[in-house]
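*Asks:* I'm passing along structure_16.cif; it holds mmCIF, C-alpha atoms and all ligand atoms.
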```cif
data_query
loop_
_atom_site.label_atom_id
_atom_site.label_comp_id
_atom_site.auth_asym_id
_atom_site.auth_seq_id
_atom_site.Cartn_x
_atom_site.Cartn_y
_atom_site.Cartn_z
CA MET W 1 4.68 -3.95 14.76
CA THR W 2 4.84 -0.40 13.43
CA GLU W 3 2.40 0.51 10.74
CA ASP W 4 3.45 2.50 7.68
CA VAL W 5 1.72 5.87 7.63
CA PHE W 6 1.42 8.04 4.54
CA GLN W 7 -0.01 11.54 4.48
CA SER W 8 -0.89 13.18 1.19
CA PRO W 9 1.03 16.41 0.48
CA LYS W 10 -0.44 19.86 1.06
CA LYS W 11 0.66 21.73 -2.03
CA ARG W 12 -0.38 22.87 -5.50
CA GLY W 13 -0.25 19.49 -7.16
CA ARG W 14 0.74 18.41 -10.63
CA ILE W 15 -1.71 15.81 -11.91
CA ALA W 16 -1.47 13.33 -14.75
CA ILE W 17 -4.79 12.00 -16.00
CA PHE W 18 -4.74 8.54 -17.62
CA LEU W 19 -7.73 7.69 -19.80
CA SER W 20 -8.85 5.41 -22.62
CA GLY W 21 -12.36 6.57 -23.44
CA ARG W 22 -15.11 9.10 -22.95
CA GLY W 23 -13.33 11.08 -20.25
CA SER W 24 -16.32 12.39 -18.32
CA ASN W 25 -14.50 12.01 -14.99
CA PHE W 26 -11.49 13.84 -16.40
CA ILE W 27 -13.81 16.64 -17.54
CA ALA W 28 -15.40 16.83 -14.07
CA ILE W 29 -11.95 17.20 -12.48
CA HIS W 30 -10.85 19.70 -15.13
CA LYS W 31 -13.98 21.81 -14.42
CA ALA W 32 -13.39 21.71 -10.67
CA ILE W 33 -9.81 22.89 -11.24
CA GLU W 34 -10.95 25.68 -13.57
CA ALA W 35 -13.47 26.74 -10.90
CA GLY W 36 -10.63 27.00 -8.39
CA GLU W 37 -11.98 24.17 -6.26
CA ILE W 38 -8.90 21.97 -6.40
CA ASN W 39 -5.38 23.10 -5.60
CA ALA W 40 -3.78 21.42 -8.62
CA ASP W 41 -3.01 21.67 -12.30
CA ILE W 42 -3.40 19.03 -14.97
CA ALA W 43 0.18 18.74 -16.17
CA LEU W 44 -0.46 15.82 -18.52
CA VAL W 45 -3.27 13.81 -20.09
CA PHE W 46 -2.00 10.41 -21.11
CA SER W 47 -3.82 7.85 -23.25
CA ASN W 48 -3.26 4.45 -24.80
CA LYS W 49 -5.99 5.34 -27.34
CA LYS W 50 -5.23 8.13 -29.76
CA GLN W 51 -8.89 8.68 -30.68
CA ALA W 52 -10.36 8.49 -27.19
CA PRO W 53 -12.95 11.30 -26.90
CA GLY W 54 -11.44 12.38 -23.58
CA PHE W 55 -8.00 12.60 -25.19
CA LEU W 56 -9.31 14.71 -28.09
CA PHE W 57 -11.04 16.99 -25.58
CA ALA W 58 -7.76 17.46 -23.70
CA GLN W 59 -6.06 18.47 -26.96
CA GLU W 60 -8.85 20.94 -27.72
CA GLN W 61 -8.35 22.45 -24.29
CA GLY W 62 -4.66 22.95 -25.02
CA LEU W 63 -3.56 20.64 -22.22
CA GLU W 64 -0.31 18.75 -22.58
CA THR W 65 -1.10 15.31 -23.96
CA LEU W 66 0.85 12.15 -24.58
CA TYR W 67 -0.16 9.05 -26.52
CA LEU W 68 1.96 5.93 -26.51
CA ARG W 69 1.05 3.11 -28.87
CA PRO W 70 0.97 -0.14 -26.91
CA LYS W 71 1.85 -2.21 -29.99
CA SER W 72 5.16 -0.39 -30.31
CA PHE W 73 6.37 -2.02 -27.07
CA PRO W 74 7.34 -5.67 -26.61
CA ASP W 75 5.44 -6.10 -23.34
CA ARG W 76 3.41 -4.36 -20.66
CA GLU W 77 6.44 -3.81 -18.45
CA SER W 78 8.36 -1.85 -21.07
CA TYR W 79 5.24 0.17 -21.90
CA ASP W 80 4.79 1.13 -18.26
CA GLN W 81 8.52 1.89 -17.92
CA GLU W 82 8.25 4.41 -20.73
CA ILE W 83 5.20 6.01 -19.10
CA ALA W 84 7.10 6.17 -15.80
CA ARG W 85 9.94 8.06 -17.50
CA GLU W 86 7.48 10.57 -18.95
CA ILE W 87 5.79 11.00 -15.57
CA GLN W 88 9.06 11.60 -13.78
CA ALA W 89 10.26 14.05 -16.40
CA ARG W 90 7.18 16.17 -15.62
CA ASP W 91 7.45 16.04 -11.85
CA ILE W 92 3.95 14.62 -11.43
CA ASP W 93 2.53 14.38 -7.90
CA LEU W 94 -0.56 12.30 -8.57
CA ILE W 95 -1.73 9.98 -11.33
CA VAL W 96 -5.51 9.99 -11.70
CA LEU W 97 -6.88 6.97 -13.55
CA ALA W 98 -10.07 8.07 -15.25
CA GLY W 99 -11.37 5.20 -17.32
CA TYR W 100 -7.87 3.94 -18.13
CA MET W 101 -8.52 0.48 -19.52
CA ARG W 102 -5.09 -1.09 -19.07
CA ILE W 103 -3.95 -2.98 -16.03
CA ILE W 104 -1.01 -1.19 -14.49
CA THR W 105 2.03 -3.39 -13.84
CA ALA W 106 3.16 -4.08 -10.28
CA PRO W 107 6.53 -2.27 -10.63
CA PHE W 108 4.72 0.86 -11.84
CA CYS W 109 2.35 0.67 -8.84
CA GLN W 110 5.32 0.31 -6.48
CA GLN W 111 7.23 3.16 -8.07
CA PHE W 112 4.28 5.52 -7.60
CA LEU W 113 2.91 4.03 -4.40
CA ASN W 114 0.27 6.28 -2.78
CA ARG W 115 0.45 8.50 -5.87
CA ILE W 116 -2.08 6.71 -8.10
CA ILE W 117 -5.84 6.82 -7.57
CA ASN W 118 -8.71 5.23 -9.45
CA ILE W 119 -12.50 5.42 -9.58
CA HIS W 120 -14.61 2.30 -9.86
CA PRO W 121 -18.37 2.13 -10.53
CA ALA W 122 -19.29 -0.19 -7.64
CA LEU W 123 -18.95 -0.39 -3.88
CA LEU W 124 -15.61 -2.16 -3.56
CA PRO W 125 -14.60 -4.74 -2.52
CA SER W 126 -17.85 -5.98 -4.12
CA PHE W 127 -17.79 -6.24 -7.89
CA PRO W 128 -14.21 -5.55 -8.95
CA GLY W 129 -13.37 -5.82 -12.65
CA LEU W 130 -15.48 -4.92 -15.68
CA HIS W 131 -19.23 -4.63 -16.44
CA VAL W 132 -19.85 -4.24 -12.75
CA GLN W 133 -23.16 -2.39 -13.01
CA GLN W 134 -24.69 -5.40 -14.76
CA GLN W 135 -23.10 -7.73 -12.21
CA ALA W 136 -24.56 -5.73 -9.33
CA MET W 137 -28.04 -5.95 -10.88
CA ASP W 138 -27.68 -9.67 -11.61
CA TRP W 139 -26.64 -10.30 -8.02
CA GLY W 140 -29.72 -8.49 -6.75
CA VAL W 141 -28.03 -5.97 -4.47
CA ARG W 142 -30.27 -3.10 -3.34
CA PHE W 143 -27.46 -0.54 -3.38
CA SER W 144 -24.42 0.08 -5.51
CA GLY W 145 -22.30 3.17 -6.06
CA ALA W 146 -18.80 4.40 -6.74
CA THR W 147 -15.46 4.05 -5.01
CA VAL W 148 -12.33 6.19 -5.24
CA HIS W 149 -9.29 4.28 -4.02
CA PHE W 150 -5.51 4.20 -4.05
CA VAL W 151 -4.05 1.84 -6.62
CA VAL W 152 -2.11 -1.24 -5.55
CA PRO W 153 -0.94 -4.12 -7.76
CA GLU W 154 -4.04 -6.17 -6.91
CA VAL W 155 -6.67 -4.70 -9.26
CA ASP W 156 -9.41 -2.60 -7.55
CA MET W 157 -8.20 -3.55 -4.06
CA GLY W 158 -6.32 -0.49 -2.75
CA PRO W 159 -7.22 1.60 0.31
CA ILE W 160 -10.61 3.29 -0.11
CA ILE W 161 -10.69 7.10 -0.08
CA LEU W 162 -14.38 7.91 -0.67
CA GLN W 163 -17.55 6.07 -1.62
CA ALA W 164 -21.01 7.15 -2.75
CA VAL W 165 -24.10 4.97 -2.60
CA VAL W 166 -27.00 4.82 -5.04
CA PRO W 167 -30.10 2.59 -4.96
CA VAL W 168 -30.51 -0.20 -7.50
CA LEU W 169 -34.09 0.02 -8.78
CA GLN W 170 -36.19 -2.87 -9.95
CA ASP W 171 -36.63 -1.50 -13.45
CA ASP W 172 -32.98 -0.47 -13.88
CA THR W 173 -31.06 -1.39 -17.00
CA GLU W 174 -27.28 -1.37 -17.19
CA GLU W 175 -27.57 2.10 -18.74
CA THR W 176 -29.84 3.65 -16.11
CA LEU W 177 -27.83 2.28 -13.19
CA SER W 178 -24.54 3.32 -14.85
CA SER W 179 -25.76 6.87 -15.36
CA ARG W 180 -27.03 7.14 -11.76
CA ILE W 181 -23.59 6.01 -10.56
CA LEU W 182 -21.72 8.23 -13.02
CA LYS W 183 -23.49 11.32 -11.70
CA GLU W 184 -22.08 10.49 -8.26
CA GLU W 185 -18.63 9.81 -9.72
CA HIS W 186 -18.48 13.34 -11.07
CA ASN W 187 -18.77 14.75 -7.53
CA LEU W 188 -16.76 12.07 -5.79
CA TYR W 189 -13.60 12.12 -7.90
CA PRO W 190 -12.98 15.89 -7.75
CA ALA W 191 -13.68 15.74 -3.99
CA ALA W 192 -11.03 13.05 -3.53
CA VAL W 193 -8.40 14.95 -5.55
CA LYS W 194 -9.19 18.07 -3.54
CA LEU W 195 -8.67 16.23 -0.24
CA TYR W 196 -5.41 14.78 -1.53
CA PHE W 197 -3.79 18.18 -2.12
CA GLU W 198 -5.21 19.63 1.05
CA GLY W 199 -2.92 17.14 2.74
CA ARG W 200 -5.92 15.51 4.34
CA LEU W 201 -5.58 11.85 3.33
CA GLU W 202 -3.72 9.63 5.71
CA ILE W 203 -3.20 5.98 4.91
CA ARG W 204 -2.70 3.65 7.85
CA GLY W 205 -2.57 0.01 6.87
CA ARG W 206 -5.41 -0.40 4.46
CA ARG W 207 -7.56 2.38 5.96
CA VAL W 208 -7.62 5.98 4.78
CA PHE W 209 -8.33 8.59 7.44
CA LEU W 210 -9.72 11.99 6.45
CA LEU W 211 -7.83 14.58 8.48
CA ASP W 212 -9.47 17.82 9.66
C1 LIG W 301 -16.33 5.18 -15.11
O1 LIG W 301 -17.51 4.45 -14.90
C2 LIG W 301 -15.31 4.83 -14.06
O2 LIG W 301 -15.87 4.49 -12.83
C3 LIG W 301 -14.63 3.61 -14.66
O3 LIG W 301 -14.58 3.88 -16.03
C4 LIG W 301 -15.62 4.79 -16.39
C5 LIG W 301 -14.95 5.95 -17.04
O4 LIG W 301 -15.87 6.87 -17.56
N1 LIG W 301 -13.32 3.41 -14.07
P1 LIG W 301 -15.36 8.24 -18.15
O5 LIG W 301 -14.37 7.91 -19.27
O6 LIG W 301 -14.71 9.00 -17.03
O7 LIG W 301 -16.58 8.93 -18.68
#
```
Now, as a test, write the supplied structure out as C-alpha cells.
Ligand code: GRF
*Replies:*
Amino acid sequence: MTEDVFQSPKKRGRIAIFLSGRGSNFIAIHKAIEAGEINADIALVFSNKKQAPGFLFAQEQGLETLYLRPKSFPDRESYDQEIAREIQARDIDLIVLAGYMRIITAPFCQQFLNRIINIHPALLPSFPGLHVQQQAMDWGVRFSGATVHFVVPEVDMGPIILQAVVPVLQDDTEETLSSRILKEEHNLYPAAVKLYFEGRLEIRGRRVFLLD
C-alpha cells in the first residue's frame, strides 16, 4: 500500500488567522513575522466574533480583517462555504487557527487538507476538547503542555507538528497552569509556522517528519 506524502511548500506564504478571542497566539505570530523570523505575511484575520480583542488588535494594526456573522447563515456548512470563498479569493496558503472557537466542518477540512493548523493547550491525544487544563489537573497528570497539529475533521486529532511539555504542580490552579502552557504556546506556534514555509514539514500517514 502506498502512503500519501505531503510536503509543506517552501515559499513566502499567505496566512489567514482565524480567532474568536484574546488573540495572544495571533500576536505572537504577528511579532515573529514583523521580526523577520517567519517567511510569510498575514493576508487575513478572520473572526466569528466582531468584538474579539484579537480581532480589534488586527484592525488597529491595519491588517485585512473579515467578520462573518454566524446567525446570518442557515447552517454551519453554508457559513464555512462562505469562508472558503473568501479564503480562495485571497490565495491563502495556510489557515492558522488561533483560539477559533467554532468546529470546522468536514468539507472545509477536506478542501484545505494539510493547509489548516491548530494549537491546543494539552499534550494530544490526551485531553482533547475544552477546559483541558482543568481536566489535566483533575486527572492528576504530572506533565501537560501544548500541541500544534494539522486539522482533520475529527476534532484535535490531526497529525502532530510540535509539542512542548510543562510540569503540573501540586498547587496549580487552572489559571497558573494555563499561563505556564500559554507561554510555551507563544514560542511553539510561530516555530511551527516557520517550519511550514521553510518546506520542512512532511506528513506521512499520521506522522509529521521535520526535514533538515
Ligand atoms: C489557547 O490556549 C490555545 O491553545 C487554544 O485557545 C487559546 C487561545 O488563546 N486553542 P489566544 O486567543 O491565542 O490568547
*Asks:* Could I get the residue neighbourhood of ligand LIG 301 (chain W) at 10 Å, counting all atoms listed in the file, as a PyMOL selection string?
*Replies:* chain W and resi 18-29+52-55+97-101+118-122+129-133+145-148+156+178-179+181-186+189
*Asks:* May I have the residues within 8 Å of region 134-140 of chain W as a PyMOL selection string, using all atoms listed in the file and disregarding those fewer than 5 positions away in the same chain?
*Replies:* chain W and resi 122+127+168+172-174
*Asks:* Separation of CA of Ile83 (chain W) and CA of Glu154 (chain W), in Å?
*Replies:*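 Distance reported for this atom pair: 19.6 Å.
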*Asks:* Closest to Pro159 (chain W) among W:Glu175, W:Glu202, W:Glu37, W:Glu60, using all atoms listed in the file?
*Replies:* W:Glu202
*Asks:* List the spatial neighbours of Arg14 (chain W) as a list in words - criterion: any atom at most 7 Å away, all atoms listed in the file, same-chain residues fewer than 2 positions off excluded.
*Replies:*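 Residues meeting the cut-off are Arg12, Ala16, Ala40, Asp41, Ile42, Ala43, Ile92, Asp93 and Leu94 of chain W.
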*Asks:* Given the choices W:Val166, W:Val141, W:Met157, W:Ile117, which gets closest to Arg180 (chain W) if the distance is worked out from only C-alpha atoms?
*Replies:*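 Among the listed residues, W:Val166 lies closest to Arg180 (chain W).
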*Asks:* Using all atoms listed in the file, determine which residues lie at most 12 Å from Gly13 (chain W), disregarding the query and same-chain residues fewer than 4 positions distant; provide the list as a VMD selection string.
*Replies:* chain W and resid 8 to 9 33 38 to 44 90 to 96 115 193 to 199
*Asks:* What's the separation between CA of Leu162 (chain W) and CA of Arg200 (chain W), in Å to one decimal place?
*Replies:* 12.4 Å
